[in-house]
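These notes concern the structure reproduced below.
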Amino acid sequence: VHLIPGFVLWKFCQWHMEDRRTLLQKHREFRMDMAECEVESDRDFIEGKLKTWFGGVEEFELVVRNEVAQIAAQQLEDGGPIPWRMLFTASLPHIFMFGSAVVDAVIRADWPVAAHVALTGIGISCFTDAIAVGAGLRLADRI
């Protein structure tokens with residue numbers, strides 16, 4: 001049952017990690033002359049503003065390549081391989097399944113089972129899913 005969605009998830013993991021690498025590479029290799037403008041007069045306007053704000057185009061490029069790239073890399077690293085809200089969304093099937101089992105146990109007034117199922121559901125949804133997705137993404141980044 002998990003095999004078919006696993007192939008789709010694996011491809012998503014590879015794409016996601018490639019996008020992260022591409023984002024950092026684009027920052028580190030940023031050049032203003034590679035930026036596209038619909039109207040050429042926009043380029044002159046922007047370069048004038050960059051001279052006022054940063055001292056020139058070269059100075060701005062250095063800020064993007066160094067400071068902005070470092071901030072982006074740090075934010076990506078701090079957030080882990082995937083944001084928590086996406087991990088929560090991926091864990092919803094487990095949350096609903098264990099939630100249903102807890103409600104069933106409460107209806108039957110079987111409090112020990114309700115507590116055990118609730119704790120197991122929390123553990124799987126919060127920890128096991130996070131570890132599995134994190135490991136999968138990091139592995140996809142290496143293969």
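Residues are referred to by chain and number: the chain letter is A, B, ... according to the order shown in the structure tokens, the number counts from 1 in that chain, and ligands are numbered separately from 1 in the order shown.
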
Mind running range 20-55 of chain A against range 59-82 of chain A at 7 Å and telling me each contacting residue's nearest atom pair with the distance in Å (one decimal), counting only C-alpha atoms, chain and number ascending, as a tab-separated table?
residue	atom	partner	partner_atom	distance
A:Leu24	CA	A:Ala69	CA	6.2
A:His27	CA	A:Ala69	CA	5.2
A:Arg28	CA	A:Arg65	CA	4.3
A:Glu29	CA	A:Arg65	CA	6.3
A:Phe30	CA	A:Arg65	CA	6.1
A:Arg31	CA	A:Glu61	CA	6.2
A:Met32	CA	A:Glu61	CA	6.9
A:Leu50	CA	A:Phe60	CA	6.7
A:Phe54	CA	A:Phe60	CA	5.7
A:Gly55	CA	A:Glu59	CA	6.3

What would the file look like if the residues just selected were written as an mmCIF file, in the first residue's frame with C-alpha atoms?
data_model
loop_
_atom_site.group_PDB
_atom_site.id
_atom_site.type_symbol
_atom_site.label_atom_id
_atom_site.label_comp_id
_atom_site.auth_asym_id
_atom_site.auth_seq_id
_atom_site.Cartn_x
_atom_site.Cartn_y
_atom_site.Cartn_z
ATOM 1 C CA LEU A 24 21.344 28.912 -2.714
ATOM 2 C CA HIS A 27 22.134 33.680 -4.606
ATOM 3 C CA ARG A 28 25.835 32.810 -4.543
ATOM 4 C CA GLU A 29 26.241 33.372 -8.297
ATOM 5 C CA PHE A 30 23.967 36.433 -8.574
ATOM 6 C CA ARG A 31 24.886 38.963 -11.278
ATOM 7 C CA MET A 32 22.838 42.024 -12.170
ATOM 8 C CA LEU A 50 21.501 50.554 -6.320
ATOM 9 C CA PHE A 54 24.644 50.368 -1.936
ATOM 10 C CA GLY A 55 27.292 52.460 -3.665
#

Contacts of Val133 in chain A at 12 Å or less, counting only C-alpha atoms, minus same-chain residues fewer than 6 places along, as a compact mmCIF listing (two decimals) with all heavy atoms, in the first residue's frame?
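Output contents, as saved in part10.txt:
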# COMPACT_ATOMS: atom_id res chain seq x y z
N GLY A 6 5.03 5.94 -2.17
CA GLY A 6 6.43 6.14 -1.82
C GLY A 6 7.26 6.61 -3.00
O GLY A 6 8.15 7.44 -2.85
N LEU A 9 6.42 10.24 -3.46
CA LEU A 9 7.05 11.01 -2.39
C LEU A 9 8.55 11.12 -2.62
O LEU A 9 9.14 12.17 -2.41
CB LEU A 9 6.75 10.37 -1.03
CG LEU A 9 7.38 11.06 0.17
CD1 LEU A 9 6.84 12.48 0.29
CD2 LEU A 9 7.10 10.28 1.44
N TRP A 10 9.17 10.04 -3.06
CA TRP A 10 10.60 10.06 -3.31
C TRP A 10 10.95 11.09 -4.38
O TRP A 10 11.90 11.85 -4.25
CB TRP A 10 11.08 8.67 -3.73
CG TRP A 10 12.55 8.61 -3.96
CD1 TRP A 10 13.20 8.55 -5.15
CD2 TRP A 10 13.57 8.65 -2.95
NE1 TRP A 10 14.55 8.53 -4.96
CE2 TRP A 10 14.81 8.60 -3.62
CE3 TRP A 10 13.55 8.73 -1.57
CZ2 TRP A 10 16.02 8.61 -2.94
CZ3 TRP A 10 14.76 8.74 -0.89
CH2 TRP A 10 15.97 8.68 -1.57
N PHE A 12 9.19 13.73 -5.17
CA PHE A 12 8.98 15.04 -4.55
C PHE A 12 10.17 15.42 -3.69
O PHE A 12 10.63 16.56 -3.71
CB PHE A 12 7.70 15.04 -3.71
CG PHE A 12 7.60 16.23 -2.81
CD1 PHE A 12 7.23 17.47 -3.30
CD2 PHE A 12 7.91 16.13 -1.47
CE1 PHE A 12 7.16 18.58 -2.48
CE2 PHE A 12 7.84 17.22 -0.64
CZ PHE A 12 7.46 18.45 -1.14
N CYS A 13 10.69 14.49 -2.91
CA CYS A 13 11.84 14.75 -2.04
C CYS A 13 13.04 15.20 -2.87
O CYS A 13 13.73 16.16 -2.51
CB CYS A 13 12.19 13.51 -1.22
SG CYS A 13 11.00 13.09 0.05
N HIS A 16 12.38 18.71 -4.22
CA HIS A 16 12.42 19.69 -3.13
C HIS A 16 13.87 20.03 -2.75
O HIS A 16 14.23 21.20 -2.64
CB HIS A 16 11.65 19.15 -1.92
CG HIS A 16 11.70 20.04 -0.73
ND1 HIS A 16 11.02 21.23 -0.66
CD2 HIS A 16 12.36 19.91 0.45
CE1 HIS A 16 11.24 21.80 0.50
NE2 HIS A 16 12.06 21.02 1.20
N GLY A 80 15.00 23.12 8.86
CA GLY A 80 15.10 21.69 8.55
C GLY A 80 14.82 21.47 7.08
O GLY A 80 14.61 22.41 6.31
N PRO A 81 14.80 20.22 6.68
CA PRO A 81 14.61 19.96 5.26
C PRO A 81 13.19 20.27 4.77
O PRO A 81 12.95 20.42 3.59
CB PRO A 81 14.91 18.47 5.12
CG PRO A 81 14.84 17.92 6.48
CD PRO A 81 15.08 19.03 7.44
N ILE A 82 12.24 20.38 5.71
CA ILE A 82 10.86 20.66 5.32
C ILE A 82 10.20 21.46 6.45
O ILE A 82 10.43 21.17 7.62
CB ILE A 82 10.09 19.36 5.02
CG1 ILE A 82 8.75 19.65 4.35
CG2 ILE A 82 9.90 18.52 6.24
CD1 ILE A 82 8.11 18.41 3.74
N PRO A 83 9.41 22.49 6.15
CA PRO A 83 8.76 23.27 7.20
C PRO A 83 7.78 22.42 8.02
O PRO A 83 7.17 21.48 7.52
CB PRO A 83 7.99 24.35 6.42
CG PRO A 83 8.65 24.42 5.09
CD PRO A 83 9.17 23.04 4.82
N TRP A 84 7.63 22.77 9.28
CA TRP A 84 6.77 22.01 10.18
C TRP A 84 5.32 21.96 9.71
O TRP A 84 4.64 20.96 9.89
CB TRP A 84 6.84 22.57 11.60
CG TRP A 84 8.09 22.14 12.29
CD1 TRP A 84 9.21 22.89 12.53
CD2 TRP A 84 8.37 20.84 12.79
NE1 TRP A 84 10.18 22.14 13.15
CE2 TRP A 84 9.68 20.87 13.33
CE3 TRP A 84 7.67 19.64 12.84
CZ2 TRP A 84 10.27 19.75 13.90
CZ3 TRP A 84 8.26 18.54 13.42
CH2 TRP A 84 9.55 18.60 13.94
N MET A 86 4.21 21.78 6.72
CA MET A 86 4.08 20.75 5.69
C MET A 86 4.15 19.36 6.32
O MET A 86 3.43 18.45 5.91
CB MET A 86 5.17 20.91 4.64
CG MET A 86 4.98 22.14 3.76
SD MET A 86 6.30 22.33 2.56
CE MET A 86 5.89 21.04 1.41
N LEU A 87 5.00 19.22 7.32
CA LEU A 87 5.09 17.94 8.02
C LEU A 87 3.79 17.63 8.74
O LEU A 87 3.32 16.49 8.74
CB LEU A 87 6.26 17.96 9.01
CG LEU A 87 6.55 16.67 9.72
CD1 LEU A 87 6.86 15.57 8.71
CD2 LEU A 87 7.69 16.85 10.68
N PHE A 88 3.18 18.66 9.33
CA PHE A 88 1.88 18.48 9.99
C PHE A 88 0.84 18.01 8.98
O PHE A 88 0.08 17.08 9.25
CB PHE A 88 1.43 19.80 10.65
CG PHE A 88 0.04 19.72 11.21
CD1 PHE A 88 -0.20 19.07 12.41
CD2 PHE A 88 -1.02 20.29 10.54
CE1 PHE A 88 -1.49 18.99 12.93
CE2 PHE A 88 -2.31 20.22 11.04
CZ PHE A 88 -2.54 19.57 12.25
N THR A 89 0.83 18.63 7.82
CA THR A 89 -0.11 18.23 6.77
C THR A 89 0.12 16.78 6.36
O THR A 89 -0.84 16.02 6.19
CB THR A 89 0.02 19.16 5.55
OG1 THR A 89 -0.18 20.51 5.97
CG2 THR A 89 -0.97 18.80 4.47
N ALA A 90 1.37 16.38 6.23
CA ALA A 90 1.68 15.00 5.87
C ALA A 90 1.28 14.02 6.96
O ALA A 90 1.02 12.85 6.69
CB ALA A 90 3.17 14.86 5.57
N SER A 91 1.22 14.49 8.21
CA SER A 91 0.87 13.63 9.34
C SER A 91 -0.64 13.54 9.58
O SER A 91 -1.07 12.78 10.45
CB SER A 91 1.54 14.14 10.62
OG SER A 91 2.94 14.07 10.50
N SER A 125 2.81 10.77 15.21
CA SER A 125 2.55 11.96 14.40
C SER A 125 3.64 13.02 14.56
O SER A 125 4.03 13.66 13.59
CB SER A 125 1.20 12.57 14.75
OG SER A 125 0.17 11.64 14.47
N CYS A 126 4.12 13.20 15.77
CA CYS A 126 5.08 14.28 16.03
C CYS A 126 6.53 13.87 15.84
O CYS A 126 7.36 14.69 15.46
CB CYS A 126 4.90 14.82 17.44
SG CYS A 126 3.32 15.63 17.69
N PHE A 127 6.84 12.61 16.13
CA PHE A 127 8.24 12.21 16.12
C PHE A 127 8.59 11.27 14.97
O PHE A 127 9.48 11.54 14.18
CB PHE A 127 8.62 11.59 17.46
CG PHE A 127 8.31 12.48 18.62
CD1 PHE A 127 7.36 12.12 19.55
CD2 PHE A 127 8.93 13.72 18.74
CE1 PHE A 127 7.06 12.96 20.61
CE2 PHE A 127 8.63 14.56 19.80
CZ PHE A 127 7.69 14.19 20.74
N LEU A 139 18.30 11.82 2.50
CA LEU A 139 18.77 10.75 1.63
C LEU A 139 18.55 11.11 0.16
O LEU A 139 19.42 10.89 -0.68
CB LEU A 139 18.05 9.44 1.96
CG LEU A 139 18.48 8.21 1.17
CD1 LEU A 139 19.96 7.91 1.42
CD2 LEU A 139 17.63 7.02 1.55
N ALA A 140 17.40 11.71 -0.14
CA ALA A 140 17.11 12.13 -1.52
C ALA A 140 18.10 13.19 -1.98
O ALA A 140 18.40 13.29 -3.18
CB ALA A 140 15.68 12.67 -1.62

Item to check | For range 98-104 of chain A: contacts at 12 Å, only C-alpha atoms, fewer than 3 positions along chain excluded, given as a VMD selection string | outcome: chain A and resid 91 to 95 107 to 125

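Our summary of the geometry notes that CA of Met34 in chain A is positioned 19.4 Å from CA of Asp19 in chain A.
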
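Atom pair CA of Phe45 in chain A / CA of Leu23 in chain A: separated by 25.9 Å.
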
Checklist entry - Can you list, as a ChimeraX atom specification, every residue of range 29-66 of chain A that DSSP puts in alpha helix (DSSP H)? => result /A:40-54,57-62

Next on the checklist: Rounded to one decimal, what separation in Å do you get between CA of Gln25 in chain A and CA of Leu137 in chain A?
Outcome noted: 18.7 Å

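Using only C-alpha atoms, the smallest distance between any of A:Gln14, A:Cys37, A:Ala130, A:Ala135 and Arg85 in chain A comes from A:Ala130.
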